[in-house]
file protein.cif (mmCIF, C-alpha atoms)
data_final
loop_
_atom_site.label_atom_id
_atom_site.label_comp_id
_atom_site.auth_asym_id
_atom_site.auth_seq_id
_atom_site.Cartn_x
_atom_site.Cartn_y
_atom_site.Cartn_z
CA MET G 123 71.75 40.25 140.85
CA SER G 124 70.68 37.02 139.17
CA GLY G 125 70.28 36.85 135.41
CA GLY G 126 66.58 36.00 135.71
CA LEU G 127 65.87 39.01 137.93
CA ARG G 128 67.75 41.31 135.56
CA VAL G 129 65.69 40.05 132.61
CA GLN G 130 62.49 40.61 134.57
CA GLN G 131 63.50 44.16 135.46
CA ASP G 132 64.44 44.89 131.85
CA MET G 133 61.02 43.62 130.69
CA GLU G 134 59.22 45.75 133.25
CA LYS G 135 61.19 48.80 132.16
CA GLU G 136 60.33 48.03 128.52
CA TRP G 137 56.64 47.82 129.34
CA GLU G 138 56.80 51.10 131.24
CA THR G 139 58.35 52.75 128.20
CA LEU G 140 55.72 51.26 125.91
CA ARG G 141 52.91 52.41 128.19
CA ALA G 142 54.34 55.92 128.20
CA TRP G 143 54.41 55.97 124.40
CA LYS G 144 50.87 54.58 124.26
CA GLU G 145 49.64 57.40 126.48
CA ARG G 146 51.46 59.96 124.36
CA MET G 147 49.98 58.54 121.16
CA GLU G 148 46.50 58.60 122.70
CA GLN G 149 46.90 62.24 123.67
CA GLU G 150 48.11 63.11 120.18
CA LEU G 151 45.22 61.21 118.60
CA ASP G 152 42.69 63.00 120.78
CA ARG G 153 44.22 66.36 119.90
CA VAL G 154 44.27 65.64 116.16
CA VAL G 155 40.70 64.35 116.04
CA ALA G 156 39.47 67.39 117.96
CA PHE G 157 41.28 69.67 115.51
CA TRP G 158 39.72 68.07 112.44
CA MET G 159 36.28 67.88 114.03
CA GLU G 160 36.41 71.60 114.81
CA HIS G 161 37.95 72.98 111.64
CA SER G 162 37.52 70.64 108.66
CA HIS G 163 33.77 70.18 108.31
CA ASP G 164 32.00 72.09 105.53
CA GLN G 165 28.60 72.80 107.04
CA GLU G 166 27.30 74.40 103.84
CA HIS G 167 28.11 71.86 101.13
CA GLY G 168 29.15 68.76 103.06
CA GLY G 169 32.45 66.95 102.94
CA PHE G 170 35.68 68.12 104.51
CA PHE G 171 38.23 70.88 104.05
CA THR G 172 41.75 69.49 104.16
CA CYS G 173 43.95 72.50 103.43
CA LEU G 174 44.14 73.90 106.94
CA GLY G 175 46.67 76.08 108.72
CA ARG G 176 47.80 75.34 112.24
CA ASP G 177 45.14 77.72 113.50
CA GLY G 178 42.46 75.81 111.59
CA GLN G 179 42.00 78.47 108.92
CA VAL G 180 41.01 77.07 105.51
CA TYR G 181 43.48 78.26 102.89
CA ASP G 182 42.02 76.32 99.92
CA ASN G 183 38.51 74.91 99.60
CA LEU G 184 39.23 72.25 96.97
CA LYS G 185 38.21 68.77 98.09
CA TYR G 186 40.42 65.82 97.22
CA VAL G 187 38.34 62.67 96.90
CA TRP G 188 40.89 60.33 98.44
CA LEU G 189 41.12 62.63 101.47
CA GLN G 190 37.33 62.70 101.80
CA GLY G 191 37.34 58.90 101.76
CA ARG G 192 40.18 58.67 104.25
CA GLN G 193 38.47 61.00 106.72
CA VAL G 194 35.19 59.08 106.51
CA TRP G 195 37.12 55.83 107.03
CA MET G 196 39.04 57.24 109.99
CA TYR G 197 35.96 58.57 111.75
CA CYS G 198 34.16 55.24 111.29
CA ARG G 199 37.20 53.23 112.35
CA LEU G 200 37.64 55.25 115.52
CA TYR G 201 33.94 54.99 116.29
CA ARG G 202 34.00 51.21 115.79
CA LYS G 203 37.27 50.36 117.53
CA PHE G 204 37.59 52.76 120.50
CA GLN G 205 35.00 53.29 123.19
CA ARG G 206 36.06 56.88 123.85
CA PHE G 207 35.24 57.76 120.22
CA ARG G 208 31.80 56.14 120.32
CA ARG G 209 30.22 59.55 119.96
CA SER G 210 27.21 60.48 117.86
CA GLU G 211 28.86 63.60 116.41
CA LEU G 212 31.72 61.51 115.02
CA LEU G 213 29.34 59.04 113.38
CA ASP G 214 27.10 61.82 112.04
CA SER G 215 30.13 63.54 110.51
CA ALA G 216 31.25 60.30 108.87
CA LYS G 217 27.80 59.72 107.41
CA ALA G 218 27.66 63.29 106.09
CA GLY G 219 31.06 62.82 104.46
CA GLY G 220 29.93 59.53 102.96
CA GLU G 221 26.83 61.12 101.46
CA PHE G 222 29.00 63.84 99.91
CA LEU G 223 31.10 61.10 98.28
CA LEU G 224 28.02 59.27 97.03
CA ARG G 225 26.65 62.44 95.45
CA TYR G 226 29.79 63.89 93.90
CA ALA G 227 32.84 61.59 93.82
CA ARG G 228 32.05 59.80 90.55
CA VAL G 229 32.56 61.97 87.49
CA ALA G 230 29.76 60.57 85.33
CA PRO G 231 27.54 58.10 87.22
CA PRO G 232 26.75 55.27 86.79
CA ASP G 233 30.40 54.97 85.61
CA LYS G 234 32.67 54.26 88.55
CA LYS G 235 35.60 56.57 87.73
CA CYS G 236 36.05 59.07 90.53
CA ALA G 237 37.41 62.56 90.33
CA PHE G 238 40.75 63.31 91.94
CA VAL G 239 39.64 66.73 93.18
CA LEU G 240 36.30 68.55 93.45
CA THR G 241 35.23 72.12 94.01
CA GLN G 242 33.79 73.01 97.40
CA SER G 243 30.28 72.34 96.07
CA GLY G 244 31.26 69.02 94.49
CA LEU G 245 31.96 69.80 90.83
CA PRO G 246 34.78 67.71 89.31
CA VAL G 247 38.02 69.62 88.67
CA LYS G 248 40.52 66.94 87.75
CA VAL G 249 40.67 63.22 87.08
CA GLN G 250 43.82 61.32 87.99
CA ARG G 251 44.42 58.26 85.81
CA THR G 252 45.02 55.98 88.79
CA ILE G 253 42.91 53.86 91.14
CA PHE G 254 43.57 55.68 94.40
CA SER G 255 40.50 57.92 94.66
CA GLU G 256 38.43 54.80 94.06
CA CYS G 257 40.38 52.82 96.66
CA PHE G 258 39.70 55.32 99.42
CA TYR G 259 36.07 55.57 98.28
CA THR G 260 35.84 51.79 98.76
CA MET G 261 37.40 51.92 102.23
CA ALA G 262 35.01 54.68 103.29
CA MET G 263 31.91 52.84 102.09
CA ASN G 264 32.93 49.56 103.71
CA GLU G 265 33.56 51.21 107.08
CA LEU G 266 30.27 53.12 106.86
CA TRP G 267 28.50 49.82 106.35
CA ARG G 268 30.25 48.35 109.37
CA VAL G 269 29.12 51.15 111.70
CA THR G 270 25.64 51.77 110.27
CA GLY G 271 24.57 48.36 108.94
CA GLU G 272 23.18 50.05 105.80
CA GLU G 273 23.65 47.66 102.89
CA ARG G 274 23.76 50.43 100.30
CA TYR G 275 27.21 51.40 101.57
CA GLN G 276 28.49 47.85 101.32
CA ASN G 277 27.03 47.47 97.84
CA GLU G 278 28.96 50.58 96.79
CA ALA G 279 32.15 49.21 98.31
CA VAL G 280 31.95 45.81 96.64
CA GLU G 281 30.93 47.21 93.25
CA MET G 282 33.81 49.69 93.30
CA MET G 283 36.25 47.01 94.47
CA ASP G 284 35.31 44.78 91.55
CA GLN G 285 35.72 47.71 89.15
CA ILE G 286 39.19 48.45 90.53
CA ILE G 287 40.18 44.81 90.08
CA HIS G 288 38.96 44.94 86.48
CA TRP G 289 41.05 48.04 85.81
CA VAL G 290 44.17 46.57 87.37
CA ARG G 291 44.06 42.99 86.11
CA GLU G 292 42.02 43.09 82.92
CA ASP G 293 41.52 46.41 81.18
CA SER G 294 42.84 49.79 82.34
CA SER G 295 41.25 51.78 79.51
CA GLY G 296 38.47 52.94 81.83
CA LEU G 297 41.02 54.94 83.78
CA GLY G 298 41.50 57.16 80.74
CA ARG G 299 45.21 56.48 80.53
CA PRO G 300 46.40 56.62 76.90
CA GLN G 301 48.53 53.69 75.76
CA LEU G 302 51.39 55.58 74.13
CA PRO G 303 53.99 53.50 72.30
CA GLY G 304 56.95 54.84 74.26
CA THR G 305 55.46 54.32 77.73
CA PRO G 306 57.45 51.69 79.66
CA ALA G 307 55.46 48.69 80.85
CA ALA G 308 56.09 49.44 84.53
CA GLU G 309 54.32 48.49 87.71
CA SER G 310 54.36 50.80 90.70
CA MET G 311 54.42 49.15 94.10
CA ALA G 312 51.58 51.45 95.16
CA VAL G 313 49.01 49.54 93.10
CA PRO G 314 49.34 45.99 94.51
CA MET G 315 49.96 47.28 98.03
CA MET G 316 46.80 49.38 97.96
CA LEU G 317 44.81 46.46 96.61
CA LEU G 318 46.21 44.23 99.37
CA ASN G 319 45.00 46.77 101.90
CA LEU G 320 41.53 46.62 100.38
CA VAL G 321 41.55 42.82 100.54
CA GLU G 322 42.06 43.04 104.29
CA GLN G 323 39.53 45.85 104.68
CA LEU G 324 36.69 44.06 102.91
CA GLY G 325 37.57 40.63 104.24
CA GLU G 326 37.59 41.58 107.92
CA ALA G 327 35.12 39.29 109.76
CA ASP G 328 33.46 38.52 106.42
CA GLU G 329 34.12 34.95 105.32
CA GLU G 330 32.33 35.35 102.00
CA LEU G 331 34.38 38.35 100.85
CA ALA G 332 37.57 36.99 102.41
CA GLY G 333 37.14 33.90 100.25
CA LYS G 334 36.20 35.91 97.19
CA TYR G 335 39.36 38.01 97.37
CA ALA G 336 41.79 35.40 98.75
CA GLU G 337 43.45 34.76 95.38
CA LEU G 338 43.73 38.50 94.80
CA GLY G 339 45.52 38.90 98.14
CA ASP G 340 48.08 36.25 97.17
CA TRP G 341 48.53 37.91 93.78
CA CYS G 342 49.10 41.30 95.39
CA ALA G 343 51.65 39.90 97.83
CA GLN G 344 53.54 38.22 95.01
CA ARG G 345 53.58 41.44 92.97
CA ILE G 346 54.86 43.46 95.91
CA LEU G 347 57.62 40.95 96.63
CA GLN G 348 58.86 41.40 93.05
CA HIS G 349 60.05 44.86 94.05
CA VAL G 350 62.89 43.33 96.07
CA GLN G 351 65.67 43.54 93.49
CA ARG G 352 69.49 43.41 93.10
CA ASP G 353 69.88 40.05 94.84
CA GLY G 354 67.77 41.21 97.75
CA GLN G 355 69.75 44.39 98.39
CA ALA G 356 67.21 47.01 97.26
CA VAL G 357 63.46 47.60 97.30
CA LEU G 358 62.57 49.50 94.12
CA GLU G 359 59.39 51.49 93.66
CA ASN G 360 58.90 50.49 90.01
CA VAL G 361 59.62 47.24 88.21
CA SER G 362 58.63 45.79 84.85
CA GLU G 363 55.38 43.87 84.58
CA ASP G 364 57.35 40.61 84.66
CA GLY G 365 59.20 41.64 87.81
CA LYS G 366 62.52 42.86 86.41
CA GLU G 367 64.48 46.04 87.14
CA LEU G 368 63.80 48.90 84.76
CA SER G 369 66.46 51.14 83.28
CA GLY G 370 66.98 54.81 84.05
CA CYS G 371 65.70 56.99 86.87
CA LEU G 372 62.32 55.23 86.91
CA GLY G 373 63.96 51.90 87.65
CA ARG G 374 66.36 53.24 90.30
CA HIS G 375 63.63 55.14 92.13
CA GLN G 376 63.16 54.26 95.80
CA ASN G 377 60.52 55.41 98.28
CA PRO G 378 61.44 54.30 101.82
CA GLY G 379 58.06 55.24 103.25
CA HIS G 380 56.24 53.17 100.66
CA ALA G 381 58.48 50.18 101.28
CA LEU G 382 57.80 50.35 105.02
CA GLU G 383 54.07 50.75 104.40
CA ALA G 384 54.08 47.78 102.04
CA GLY G 385 55.97 45.92 104.74
CA TRP G 386 53.24 46.17 107.33
CA PHE G 387 50.57 45.35 104.73
CA LEU G 388 52.57 42.19 103.98
CA LEU G 389 52.96 41.43 107.70
CA ARG G 390 49.18 41.48 108.02
CA HIS G 391 48.93 39.17 105.01
CA ALA G 392 51.52 36.81 106.48
CA LEU G 393 49.57 36.71 109.74
CA ARG G 394 46.33 35.87 107.92
CA LYS G 395 48.09 33.13 105.97
CA GLY G 396 49.98 31.77 108.98
CA ASN G 397 53.29 32.11 107.13
CA PRO G 398 56.26 32.78 109.45
CA GLU G 399 58.75 32.51 106.57
CA LEU G 400 57.04 35.34 104.74
CA ARG G 401 56.98 37.37 107.96
CA ALA G 402 60.73 36.97 108.42
CA HIS G 403 61.43 37.89 104.80
CA VAL G 404 59.25 40.99 105.04
CA ILE G 405 60.89 42.16 108.24
CA GLU G 406 64.35 41.74 106.73
CA LYS G 407 63.69 43.35 103.34
CA PHE G 408 60.80 45.79 103.68
CA LEU G 409 61.37 46.94 107.25
CA LEU G 410 65.07 46.69 108.10
CA LEU G 411 66.64 47.09 104.66
CA SER G 412 64.35 49.96 103.65
CA PHE G 413 64.78 51.74 106.96
CA HIS G 414 68.56 51.51 107.14
CA SER G 415 68.97 52.64 103.53
CA GLY G 416 66.44 55.47 103.92
CA TRP G 417 67.46 56.88 107.31
CA ASP G 418 69.57 60.05 107.26
CA PRO G 419 72.66 59.15 109.35
CA GLU G 420 73.62 62.78 109.87
CA HIS G 421 70.39 64.56 110.77
CA GLY G 422 68.01 61.68 111.37
CA GLY G 423 64.68 61.09 109.67
CA LEU G 424 63.67 59.22 106.54
CA PHE G 425 64.37 60.68 103.13
CA TYR G 426 61.32 61.08 100.90
CA PHE G 427 62.95 59.54 97.81
CA GLN G 428 66.26 57.89 96.95
CA ASP G 429 68.18 56.61 93.96
CA ALA G 430 69.39 53.00 94.21
CA ASP G 431 72.77 53.97 92.72
CA ASN G 432 73.13 57.00 95.01
CA LEU G 433 72.67 59.38 92.09
CA CYS G 434 70.60 62.51 92.55
CA PRO G 435 66.89 61.65 92.41
CA THR G 436 64.92 63.58 89.82
CA GLN G 437 62.35 64.63 92.42
CA LEU G 438 63.49 68.00 93.80
CA GLU G 439 61.89 67.23 97.17
CA TRP G 440 63.81 63.96 97.57
CA ASP G 441 65.63 64.96 100.79
CA MET G 442 62.57 66.32 102.59
CA LYS G 443 61.43 64.56 105.78
CA LEU G 444 57.66 64.21 105.45
CA TRP G 445 55.55 63.02 108.36
CA TRP G 446 53.87 60.07 106.67
CA PRO G 447 56.96 57.82 106.13
CA HIS G 448 57.72 58.15 109.83
CA SER G 449 54.15 57.18 110.69
CA GLU G 450 54.43 54.12 108.45
CA ALA G 451 57.76 53.22 110.06
CA MET G 452 56.31 53.41 113.57
CA ILE G 453 53.40 51.18 112.57
CA ALA G 454 55.68 48.72 110.80
CA PHE G 455 58.15 48.36 113.65
CA LEU G 456 55.48 47.98 116.32
CA MET G 457 53.69 45.41 114.19
CA GLY G 458 56.92 43.57 113.49
CA TYR G 459 57.75 43.53 117.19
CA SER G 460 54.25 42.32 118.07
CA ASP G 461 54.49 39.47 115.54
CA SER G 462 58.11 38.44 116.15
CA GLY G 463 59.03 39.62 119.65
CA ASP G 464 62.36 40.95 118.31
CA PRO G 465 63.43 43.79 120.65
CA ALA G 466 65.55 45.33 117.87
CA LEU G 467 62.33 46.30 116.09
CA LEU G 468 60.98 47.91 119.24
CA HIS G 469 64.14 49.97 119.60
CA LEU G 470 63.78 51.13 116.00
CA PHE G 471 60.24 52.22 116.85
CA TYR G 472 61.67 54.29 119.70
CA GLN G 473 64.26 55.83 117.36
CA VAL G 474 61.62 56.88 114.83
CA ALA G 475 59.09 58.00 117.44
CA GLU G 476 61.59 60.19 119.26
CA TYR G 477 62.63 61.86 115.99
CA THR G 478 59.03 62.28 114.85
CA PHE G 479 57.75 63.88 118.04
CA ARG G 480 60.83 66.07 118.27
CA GLN G 481 60.82 67.28 114.66
CA VAL G 482 57.77 66.44 112.59
CA SER G 483 55.08 67.12 115.17
CA THR G 484 56.04 70.81 115.05
CA ALA G 485 55.15 71.00 111.34
CA PRO G 486 51.72 72.17 110.11
CA LEU G 487 49.01 69.58 110.41
CA SER G 488 48.12 67.98 107.09
CA LEU G 489 47.00 64.73 105.49
CA GLU G 490 49.75 64.57 102.90
CA SER G 491 50.28 61.28 101.07
CA PRO G 492 52.52 59.90 98.32
CA TRP G 493 49.50 59.18 96.12
#
call {"tool": "encode", "arguments": {"input": "protein.cif", "output": "structure tokens"}}
result
Amino acid sequence: MSGGLRVQQDMEKEWETLRAWKERMEQELDRVVAFWMEHSHDQEHGGFFTCLGRDGQVYDNLKYVWLQGRQVWMYCRLYRKFQRFRRSELLDSAKAGGEFLLRYARVAPPDKKCAFVLTQSGLPVKVQRTIFSECFYTMAMNELWRVTGEERYQNEAVEMMDQIIHWVREDSSGLGRPQLPGTPAAESMAVPMMLLNLVEQLGEADEELAGKYAELGDWCAQRILQHVQRDGQAVLENVSEDGKELSGCLGRHQNPGHALEAGWFLLRHALRKGNPELRAHVIEKFLLLSFHSGWDPEHGGLFYFQDADNLCPTQLEWDMKLWWPHSEAMIAFLMGYSDSGDPALLHLFYQVAEYTFRQVSTAPLSLESPW
């Protein structure tokens, strides 16, 4: 057999494998969307239940604002991007969820600070002194605008985005976080990576907003890249505000799922900027390094947390294998393969996907997140 024919046969086999995984992912997506459509909608008060058993039974009726925003965003995104989800009931559910957010998410309108969790009827229960409820609120409103054309949703998205930027880059006092003298001046990777995601969300097919937030996107990318430490041998979750390693458990803390998620956010940024050098750096450090250090060589799967010096992490759940890091890994490796054509990344996708569908897909359905 000639070398050229062998290469062609290998490529055809690769495409067959990819098509099989695509079909499996589509089936899983259809099943998951049907589950949430059937069981998560609160017909009495609006919004969504998110604490559901495998049988769909609601075991807690608290409503987490970031989850409300994520579900609205997902419904709208599916409606906008996939013909088979262009269904009126999906759009109507997204709009109902968006109206619940508009009525109840903010603790004391017109102030922008959102609650972290609400009662079933929408009363605030807890405020988290972070930006993440507001970030998912922004994503939901922007996607609602894209599918409905109603400017009031876009106005909400842009106003909240500008407030988030103010909190992050100018004055965080509005978050309610006390400035105690012993608090280390640390920066979590979650903040710039989430902002970078919002830059892409709001800038999609919108030249005006893409230009408005272009500098912010570059700033976010630079801040994320600061988390590559120890001469490029570790991605740390927290660094000092000037990009240095912190002492103690906080400084040694690693989150493989976050690093992989940040990796594909950075790949999208590199694609927008037309920067192949950044792409290569991201693949090496945020995808490959984070994956190989975070993968359990004995049992498979990604650890939830790690310590850069191989000490015991302070988080008791550090060795759990949650579903979301594996989802981020699959996205990252497929995206890296699509951008670079490196078959090694595709094979890592297969490794993660096979583990995930063998192990994690048997766990209870949830929308767990690190935030």
call {"tool": "atom_distance", "arguments": {"input": "protein.cif", "atom1": "CA of Gly365 in chain G", "atom2": "CA of Ala312 in chain G"}}
result
14.4 Å
call {"tool": "closest_residue", "arguments": {"input": "protein.cif", "among": "G:Gly244, G:Gly178, G:Pro232, G:Gly219", "to": "Met263 in chain G", "atoms": "only C-alpha atoms"}}
result
G:Gly219
call {"tool": "atom_distance", "arguments": {"input": "protein.cif", "atom1": "CA of Leu338 in chain G", "atom2": "CA of Val361 in chain G"}}
result
19.3 Å
call {"tool": "residues_near_point", "arguments": {"input": "protein.cif", "point": "(36.7, 56.0, 85.9)", "cutoff": "12 Å", "atoms": "only C-alpha atoms", "output": "number ranges by chain"}}
result
G: 227-238, 248-257, 282, 285-286, 288-289, 293-299
call {"tool": "resolve_selection", "arguments": {"input": "protein.cif", "expression": "the PyMOL selection byres ((chain G and resi 322-332) around 9)", "output": "PDB file with C-alpha atoms, keeping the file's coordinate frame"}}
result
ATOM      1  CA  THR G 260      35.840  51.790  98.760  1.00  0.00           C
ATOM      2  CA  MET G 261      37.400  51.920 102.230  1.00  0.00           C
ATOM      3  CA  ASN G 264      32.930  49.560 103.710  1.00  0.00           C
ATOM      4  CA  GLU G 265      33.560  51.210 107.080  1.00  0.00           C
ATOM      5  CA  ALA G 279      32.150  49.210  98.310  1.00  0.00           C
ATOM      6  CA  VAL G 280      31.950  45.810  96.640  1.00  0.00           C
ATOM      7  CA  MET G 283      36.250  47.010  94.470  1.00  0.00           C
ATOM      8  CA  LEU G 317      44.810  46.460  96.610  1.00  0.00           C
ATOM      9  CA  LEU G 318      46.210  44.230  99.370  1.00  0.00           C
ATOM     10  CA  ASN G 319      45.000  46.770 101.900  1.00  0.00           C
ATOM     11  CA  LEU G 320      41.530  46.620 100.380  1.00  0.00           C
ATOM     12  CA  VAL G 321      41.550  42.820 100.540  1.00  0.00           C
ATOM     13  CA  GLY G 333      37.140  33.900 100.250  1.00  0.00           C
ATOM     14  CA  LYS G 334      36.200  35.910  97.190  1.00  0.00           C
ATOM     15  CA  TYR G 335      39.360  38.010  97.370  1.00  0.00           C
ATOM     16  CA  ALA G 336      41.790  35.400  98.750  1.00  0.00           C
ATOM     17  CA  GLY G 339      45.520  38.900  98.140  1.00  0.00           C
ATOM     18  CA  PHE G 387      50.570  45.350 104.730  1.00  0.00           C
ATOM     19  CA  ARG G 390      49.180  41.480 108.020  1.00  0.00           C
ATOM     20  CA  HIS G 391      48.930  39.170 105.010  1.00  0.00           C
TER      21      HIS G 391
END
call {"tool": "closest_residue", "arguments": {"input": "protein.cif", "among": "G:Asn377, G:Asn277, G:Ser243, G:Gln437", "to": "Ser412 in chain G", "atoms": "all atoms listed in the file"}}
result
G:Asn377
call {"tool": "atom_distance", "arguments": {"input": "protein.cif", "atom1": "CA of Thr270 in chain G", "atom2": "CA of Asp214 in chain G"}}
result
10.3 Å
call {"tool": "resolve_selection", "arguments": {"input": "protein.cif", "expression": "the PyMOL selection byres ((chain G and resi 467-478) around 7)", "output": "VMD selection string"}}
result
chain G and resid 423 448 452 455 to 456 458 to 459 464 to 466 479 to 483
call {"tool": "resolve_selection", "arguments": {"input": "protein.cif", "expression": "the PyMOL selection byres ((chain G and resi 417) around 12)", "output": "PyMOL selection string"}}
result
chain G and resi 377-379+382+409-416+418-428+441-443+447-448+451+470+473-474+477
call {"tool": "closest_residue", "arguments": {"input": "protein.cif", "among": "G:Lys366, G:Arg192, G:Arg206, G:Arg291", "to": "Gln348 in chain G", "atoms": "only C-alpha atoms"}}
result
G:Lys366
